[in-house]
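Engineer: Before we start, here is the structure in question, set down as structure tokens.
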Amino acid sequence: MKLVRKLVGQGAKAAALPDASTLSSPDSMGNLAGVSPLPQDVLRLLWFLDGSHCNYVPSEDTTSFEAGPVTVHIGFGVGEPSAISVALPIAPNPVDWSSVPDPPYYPAYASLSPRQRRKYLAWLIDVRQEIQIGYVFVFYYGLERHLFFGRADEAFDMVLRLRQTHRHSSFLFYSEAALIASATYHKRPDLLGRYVESTSGATVPEMSNLYLLAKAALDIPLTPEEIVAVGEKLLSPKRWHLPGEPEIVNGLIEESLLRRYGQPALPLSVFPIADWPRGPQVLVANISFAQEQRSAPVPQLLRSTRFREEISSMLTMARDGAVARLKDRSGSVPGALASVVEPVSQPLAPQRLREGHALFRALDTKQFDRNVDSYNSCVCPGCRMPLPKRPESAMKCPSCNVRVRARSISLTGQKGLFREDELDSLKAVADECARRNFLCDMMEGQQLSSRSIKVTMARKGCAVEEALLEATANKALEHRQSNNMGLCRNALLHSGQIHRRMGDAAGALTRFLQVSYYDVNGCVNAGGLPGTPMFDLQSGTLVAPAVLGWIQALAQEQHMTAGQLRVAFLHAVHRISEPGMPYAPEQGWDVISRQLWPSP
């Protein structure tokens, strides 16, 4: 069942929501009777599958909301992953909470162990406590259903509260989308305003396509500050940004808006939603729908050429006007636009590998200090004489005639000036940083600890890459045993990327061919929900374009014919083919080959 589909008829709805005060009576709580009482604001947002106060009947909930002439459909499947059954066992409080293992990917209350359920219920007493993000998602899935089909206001406030403490990037990403979609669905500008107010530390929220769609659907214009934020997202700062004095730029934008639209904000109605390009947009994270089905095609204003041109024109005029005003005030062009080269100061950018890492020796962070100082002071790195300007790319020093190049230093995030003979050492450090960042990304993507990788390295006497390949293969097997075939596919994809970076073209090709076979069969993450299929063609039949490109490139690199590639595919997928897959290996190859070599 797809998340996004045409709404036909009225589906079954959840049972009437009970008064939370009655949920704490022992005779109706089953195994939960021995659990410490939960706060009323949390109890009111929980879904129960059974007991005398059951408030959720497994059903499919679908609805839609209008955004101008466009209808966006939202739906939740028949199994609510957060739903609590009072009949499920709960272990006693452990002596050491850290001994309780983390929940699996795409967790559900039913799939938690008795010890994990105890930890989850203990956390619900104070949801501000730090805890592994999987437990937060169990509660959050139910809040998403409330955002559209239950106590929307209470759930909205609870999600905002969770976002204050739990800053996990995945949770922030999904919850931001659901909050904005809920405000749009309920036609509630006040809800959107509560979300904006919650983005502390920023004058405006992230200028996403969904946020702009919500503002357009709720007829809320863009403020000058938001216009600047859009410009920072879309345009090169050099085209319009003026360091300092932002109030002058904002004031000029406001004056321009008043002249053109009669109000100090940009009405989005001047850009008809029907003309916006469409693209996929994540709306919910709830795993009652497969991972591949939780997004909708929505209008995306940031891709509109007319909108981009309007923003660019407005900001360019504001910048030029600000330059003129500041020049009149001081008699010279201010800041970075001045003809006199002023010294600059570059802070160190955040860099996870700068101070060393459990798996790598620390890199020398001082080796390029002289080059950074040359850039900051605008002097030649060879003769140390002043340069007439700070080069953006390259120039010859007029004093010693040495060619000077400006380059970014990946280790520190700063810029430096380099002689030609210094560039090899800069590249060597950049390559090592890229290698380490890649390996860290692979570990984070599979939630692998540095400690486990280090143990494998010591046991096998191998490099990080080889230990990471073993750990990734174990992750793929773990996901397969949990019927999370989408996650198994992702582990195989990471394995292929590691092989490819190591220069093992044959190993990389094998993994990418296996990934393509999973793609066309529509691999599904069961997430602990009973009855969820492992494969569903509604989630498949198309291979990820990047994977197709890698297969083609690796086949060409090994001078393989189409027939040889077919043999390699059949050999690779023979290891992972199993009953229940919609396409047998030969059938799968027919589907994949048409995507590798489409007919003209």
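We label chains A, B, ... in the order they appear in the structure tokens, count residues from 1 in each chain, and number ligands from 1 in the order shown.
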Please return, as a list of chain:residue names, all residues of segment 71-309 of chain A that DSSP assigns to strand (DSSP E) on the basis of the backbone.
Structural biologist: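 Restricting segment 71-309 of chain A to strand (DSSP E) produces A:Thr71, A:Val72, A:His73, A:Ile74, A:Gly75, A:Phe76, A:Arg278, A:Gly279, A:Pro280, A:Gln281, A:Val282, A:Ser295, A:Ala296, A:Pro297, A:Val298, A:Pro299.
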Engineer: Let me see the file: selected residues, N, CA, C and O atoms, as a compact mmCIF listing (two decimals), in the first residue's frame.
Structural biologist:
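Produced file again_19.txt, reproduced below:
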# COMPACT_ATOMS: atom_id res chain seq x y z
N THR A 71 -3.09 18.85 -4.29
CA THR A 71 -3.52 18.02 -3.18
C THR A 71 -2.37 17.10 -2.78
O THR A 71 -1.82 16.39 -3.61
N VAL A 72 -2.02 17.14 -1.50
CA VAL A 72 -0.97 16.27 -0.96
C VAL A 72 -1.64 15.22 -0.09
O VAL A 72 -2.43 15.55 0.79
N HIS A 73 -1.33 13.95 -0.33
CA HIS A 73 -1.96 12.85 0.39
C HIS A 73 -1.00 12.30 1.45
O HIS A 73 0.19 12.18 1.23
N ILE A 74 -1.57 11.99 2.60
CA ILE A 74 -0.80 11.43 3.71
C ILE A 74 -1.55 10.21 4.22
O ILE A 74 -2.78 10.22 4.29
N GLY A 75 -0.83 9.17 4.56
CA GLY A 75 -1.48 7.98 5.08
C GLY A 75 -0.60 7.21 6.04
O GLY A 75 0.62 7.33 6.00
N PHE A 76 -1.22 6.45 6.91
CA PHE A 76 -0.52 5.56 7.83
C PHE A 76 -1.12 4.17 7.67
O PHE A 76 -2.31 4.01 7.49
N ARG A 278 7.91 19.78 -9.30
CA ARG A 278 7.60 18.83 -8.24
C ARG A 278 8.79 17.90 -7.98
O ARG A 278 9.59 17.64 -8.86
N GLY A 279 8.85 17.41 -6.76
CA GLY A 279 9.89 16.47 -6.39
C GLY A 279 9.49 15.75 -5.12
O GLY A 279 8.58 16.17 -4.40
N PRO A 280 10.17 14.62 -4.81
CA PRO A 280 9.81 13.85 -3.61
C PRO A 280 10.14 14.61 -2.34
O PRO A 280 11.15 15.29 -2.26
N GLN A 281 9.26 14.52 -1.36
CA GLN A 281 9.44 15.20 -0.09
C GLN A 281 9.02 14.26 1.04
O GLN A 281 7.91 13.75 1.05
N VAL A 282 9.92 14.01 1.96
CA VAL A 282 9.60 13.18 3.13
C VAL A 282 8.57 13.91 3.98
O VAL A 282 8.70 15.10 4.24
N SER A 295 7.18 9.26 1.47
CA SER A 295 7.37 10.60 0.93
C SER A 295 6.33 10.84 -0.16
O SER A 295 5.75 9.91 -0.71
N ALA A 296 6.12 12.11 -0.46
CA ALA A 296 5.10 12.50 -1.44
C ALA A 296 5.71 13.44 -2.46
O ALA A 296 6.63 14.20 -2.15
N PRO A 297 5.23 13.41 -3.70
CA PRO A 297 5.68 14.41 -4.67
C PRO A 297 4.99 15.74 -4.39
O PRO A 297 3.77 15.84 -4.45
N VAL A 298 5.75 16.75 -4.02
CA VAL A 298 5.16 18.04 -3.67
C VAL A 298 5.82 19.14 -4.49
O VAL A 298 6.95 19.00 -4.96
N PRO A 299 5.12 20.27 -4.67
CA PRO A 299 5.71 21.41 -5.38
C PRO A 299 6.92 21.97 -4.61
O PRO A 299 6.88 22.09 -3.39
Engineer: Tell me, as a ChimeraX atom specification, which residues lie within 12 Å of Ser313 of chain A, counting only C-alpha atoms; anything in the same chain fewer than 2 positions away does not count.
Structural biologist: /A:227-228,231,235,239-240,253,256,306-311,315-320
Engineer: Please indicate the distance in Å from atom CA of Val464 of chain A to atom CA of Ala505 of chain A, rounded to one decimal place.
Structural biologist: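 Atom CA of Ala505 of chain A lies at a distance of 18.4 Å from atom CA of Val464 of chain A.
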Engineer: Name the residues in contact with Ser577 of chain A at a cut-off of 9 Å, using only C-alpha atoms, excluding same-chain residues fewer than 5 positions from it; report them as a list in words.
Structural biologist: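 The residues that qualify are Tyr517, Ala584 and Pro585 of chain A.
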Engineer: Now that the selection is made, can you save its residues with N, CA, C and O atoms as an mmCIF file, in the first residue's frame?
Structural biologist:
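Wrote again30.cif, looks like this:
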data_model
loop_
_atom_site.group_PDB
_atom_site.id
_atom_site.type_symbol
_atom_site.label_atom_id
_atom_site.label_comp_id
_atom_site.auth_asym_id
_atom_site.auth_seq_id
_atom_site.Cartn_x
_atom_site.Cartn_y
_atom_site.Cartn_z
ATOM 1 N N TYR A 517 19.782 -6.097 -7.506
ATOM 2 C CA TYR A 517 18.788 -7.181 -7.426
ATOM 3 C C TYR A 517 17.792 -6.917 -6.294
ATOM 4 O O TYR A 517 16.582 -7.133 -6.446
ATOM 5 N N ALA A 584 12.966 -13.922 -9.912
ATOM 6 C CA ALA A 584 14.082 -14.854 -9.860
ATOM 7 C C ALA A 584 15.294 -14.184 -10.515
ATOM 8 O O ALA A 584 15.149 -13.164 -11.211
ATOM 9 N N PRO A 585 16.511 -14.721 -10.317
ATOM 10 C CA PRO A 585 17.700 -14.049 -10.867
ATOM 11 C C PRO A 585 17.601 -13.724 -12.353
ATOM 12 O O PRO A 585 17.924 -12.605 -12.766
#
Engineer: Using only C-alpha atoms, which residue out of A:Asp369, A:Asp190, A:Glu60, A:Asp50 lies closest to Leu218 of chain A?
Structural biologist: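 Among the listed residues, A:Asp190 lies closest to Leu218 of chain A.
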Engineer: Could you state the separation of atom CA of Asp157 of chain A and atom CA of Pro81 of chain A in Å, given to one decimal place?
Structural biologist: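 Answer for the atom CA of Asp157 of chain A to atom CA of Pro81 of chain A separation: 20.8 Å.
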Engineer: List the spatial neighbours of Tyr518 of chain A as a count of residues only - criterion: any atom at most 9 Å away, only C-alpha atoms, same-chain residues fewer than 3 positions off excluded.
Structural biologist: 14
Engineer: Give the answer as one residue: which of A:Ser85, A:Ser36, A:Ser410, A:Thr510 has the shortest atom-to-atom distance to Gly51 of chain A, using only C-alpha atoms?
Structural biologist: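 That would be A:Ser85, the residue with the smallest distance to Gly51 of chain A.
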Engineer: Which residues of segment 70-126 of chain A come within 7 Å of segment 134-144 of chain A, and for each one, what is the closest pair of atoms and their distance in Å to one decimal, counting only C-alpha atoms, sorted by chain and residue number, as CSV?
Structural biologist:
residue,atom,partner,partner_atom,distance
A:Pro81,CA,A:Tyr141,CA,6.8
A:Ser82,CA,A:Val138,CA,5.1
A:Pro103,CA,A:Gly134,CA,5.9
A:Pro107,CA,A:Val138,CA,6.2
A:Ala108,CA,A:Val138,CA,5.8
A:Tyr109,CA,A:Val138,CA,6.5
A:Tyr120,CA,A:Tyr135,CA,6.0
Engineer: Which polymer residues have any atom within 12 Å of an atom of Ile498 of chain A, counting only C-alpha atoms, with same-chain residues fewer than 2 positions away left out, as an MDAnalysis selection string?
Structural biologist: chainID A and resid 435:436 438:443 464:473 491:496 500:509 511:512
Engineer: Keeping only C-alpha atoms, take the residues you just selected and write them out as a compact mmCIF listing (two decimals), in the first residue's frame.
Structural biologist:
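So the final result, stored in out_32.txt, reads:
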# COMPACT_ATOMS: atom_id res chain seq x y z
CA ARG A 435 39.93 8.62 3.36
CA ARG A 436 39.30 9.04 7.07
CA PHE A 438 34.84 8.27 4.18
CA LEU A 439 35.60 5.51 6.67
CA CYS A 440 33.92 7.43 9.49
CA ASP A 441 30.85 8.01 7.30
CA MET A 442 30.67 4.27 6.58
CA MET A 443 30.90 3.44 10.29
CA VAL A 464 40.72 -0.28 8.89
CA GLU A 465 39.15 -0.95 5.50
CA GLU A 466 39.33 -4.74 5.80
CA ALA A 467 37.96 -4.68 9.36
CA LEU A 468 35.14 -2.41 8.21
CA LEU A 469 34.25 -4.82 5.40
CA GLU A 470 33.88 -7.67 7.91
CA ALA A 471 31.75 -5.56 10.24
CA THR A 472 29.53 -4.39 7.36
CA ALA A 473 29.00 -7.99 6.20
CA ALA A 491 24.84 -2.48 4.18
CA LEU A 492 25.69 -4.18 0.88
CA LEU A 493 25.83 -0.76 -0.78
CA HIS A 494 28.31 0.48 1.84
CA SER A 495 30.35 -2.67 1.35
CA GLY A 496 30.52 -1.98 -2.39
CA ARG A 500 35.52 0.56 -4.71
CA ARG A 501 37.61 2.96 -2.63
CA MET A 502 40.13 0.17 -1.95
CA GLY A 503 40.52 -0.31 -5.70
CA ASP A 504 38.84 -3.74 -5.67
CA ALA A 505 36.72 -3.38 -8.80
CA ALA A 506 35.55 -7.02 -8.84
CA GLY A 507 34.42 -6.93 -5.19
CA ALA A 508 32.66 -3.59 -5.69
CA LEU A 509 30.86 -4.84 -8.80
CA ARG A 511 28.11 -5.87 -4.19
CA PHE A 512 26.49 -3.31 -6.51
Engineer: Please provide as a PDB file with N, CA and C atoms, in the first residue's frame all residues within 9 Å of Lys415 of chain A, with the sequence filter that same-chain residues fewer than 6 positions apart are discarded (counting only C-alpha atoms).
Structural biologist:
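Writing done, so here's out-v7.pdb:
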ATOM      1  N   GLN A 346      40.975  33.797  10.231  1.00  0.00           N
ATOM      2  CA  GLN A 346      40.151  32.641   9.882  1.00  0.00           C
ATOM      3  C   GLN A 346      40.072  31.668  11.056  1.00  0.00           C
ATOM      4  N   ASN A 371      51.312  29.010   5.882  1.00  0.00           N
ATOM      5  CA  ASN A 371      50.534  29.295   4.681  1.00  0.00           C
ATOM      6  C   ASN A 371      49.250  30.050   5.023  1.00  0.00           C
ATOM      7  N   VAL A 372      48.619  29.681   6.142  1.00  0.00           N
ATOM      8  CA  VAL A 372      47.417  30.391   6.584  1.00  0.00           C
ATOM      9  C   VAL A 372      47.775  31.830   6.936  1.00  0.00           C
ATOM     10  N   TYR A 375      48.094  33.916   3.885  1.00  0.00           N
ATOM     11  CA  TYR A 375      46.797  34.304   3.339  1.00  0.00           C
ATOM     12  C   TYR A 375      46.185  35.420   4.178  1.00  0.00           C
ATOM     13  N   ASN A 376      46.209  35.249   5.500  1.00  0.00           N
ATOM     14  CA  ASN A 376      45.601  36.248   6.383  1.00  0.00           C
ATOM     15  C   ASN A 376      46.275  37.609   6.247  1.00  0.00           C
ATOM     16  N   ALA A 406      46.156  30.107  -4.002  1.00  0.00           N
ATOM     17  CA  ALA A 406      45.281  30.068  -2.826  1.00  0.00           C
ATOM     18  C   ALA A 406      44.546  28.731  -2.818  1.00  0.00           C
ATOM     19  N   ARG A 407      44.655  28.010  -1.718  1.00  0.00           N
ATOM     20  CA  ARG A 407      44.028  26.694  -1.623  1.00  0.00           C
ATOM     21  C   ARG A 407      43.397  26.514  -0.249  1.00  0.00           C
ATOM     22  N   SER A 408      42.291  25.779  -0.208  1.00  0.00           N
ATOM     23  CA  SER A 408      41.659  25.426   1.059  1.00  0.00           C
ATOM     24  C   SER A 408      42.389  24.249   1.689  1.00  0.00           C
ATOM     25  N   ILE A 409      42.474  24.279   3.005  1.00  0.00           N
ATOM     26  CA  ILE A 409      43.155  23.225   3.758  1.00  0.00           C
ATOM     27  C   ILE A 409      42.082  22.369   4.417  1.00  0.00           C
TER      28      ILE A 409
END
Engineer: Identify, on the basis of only C-alpha atoms, every residue whose closest approach to Arg151 of chain A does not exceed 10 Å; exclude the query and any residue fewer than 5 positions from it along the same chain; express the result as a ChimeraX atom specification.
Structural biologist: /A:17,44-45,143,145-146,156
Engineer: Write the residues of the preceding selection, restricted to N, CA, C and O atoms, as a compact mmCIF listing (two decimals), in the first residue's frame.
Structural biologist:
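Saved the output as part-v4.txt:
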# COMPACT_ATOMS: atom_id res chain seq x y z
N LEU A 17 -10.55 8.43 21.75
CA LEU A 17 -9.43 8.59 22.67
C LEU A 17 -9.94 8.68 24.09
O LEU A 17 -10.84 9.46 24.40
N ARG A 44 -1.67 10.67 27.61
CA ARG A 44 -2.71 11.08 26.67
C ARG A 44 -2.28 10.90 25.22
O ARG A 44 -3.11 10.89 24.31
N LEU A 45 -0.97 10.72 24.99
CA LEU A 45 -0.47 10.62 23.62
C LEU A 45 0.00 9.22 23.27
O LEU A 45 0.54 9.01 22.18
N LEU A 143 3.29 9.90 17.97
CA LEU A 143 3.02 11.34 17.91
C LEU A 143 2.71 11.77 16.49
O LEU A 143 1.85 12.64 16.27
N ARG A 145 1.17 10.05 14.22
CA ARG A 145 -0.23 9.70 13.93
C ARG A 145 -1.17 10.70 14.59
O ARG A 145 -2.18 11.10 14.01
N HIS A 146 -0.83 11.15 15.80
CA HIS A 146 -1.64 12.16 16.47
C HIS A 146 -1.62 13.48 15.71
O HIS A 146 -2.63 14.21 15.67
N PHE A 156 1.87 18.20 18.84
CA PHE A 156 2.75 19.23 18.29
C PHE A 156 3.68 19.77 19.38
O PHE A 156 4.90 19.85 19.19
Engineer: Run DSSP on the backbone and tell me which residues of segment 211-438 of chain A come out as alpha helix (DSSP H); list them as a ChimeraX atom specification.
Structural biologist: /A:211-217,224-234,246-261,305-330,369-377,423-438
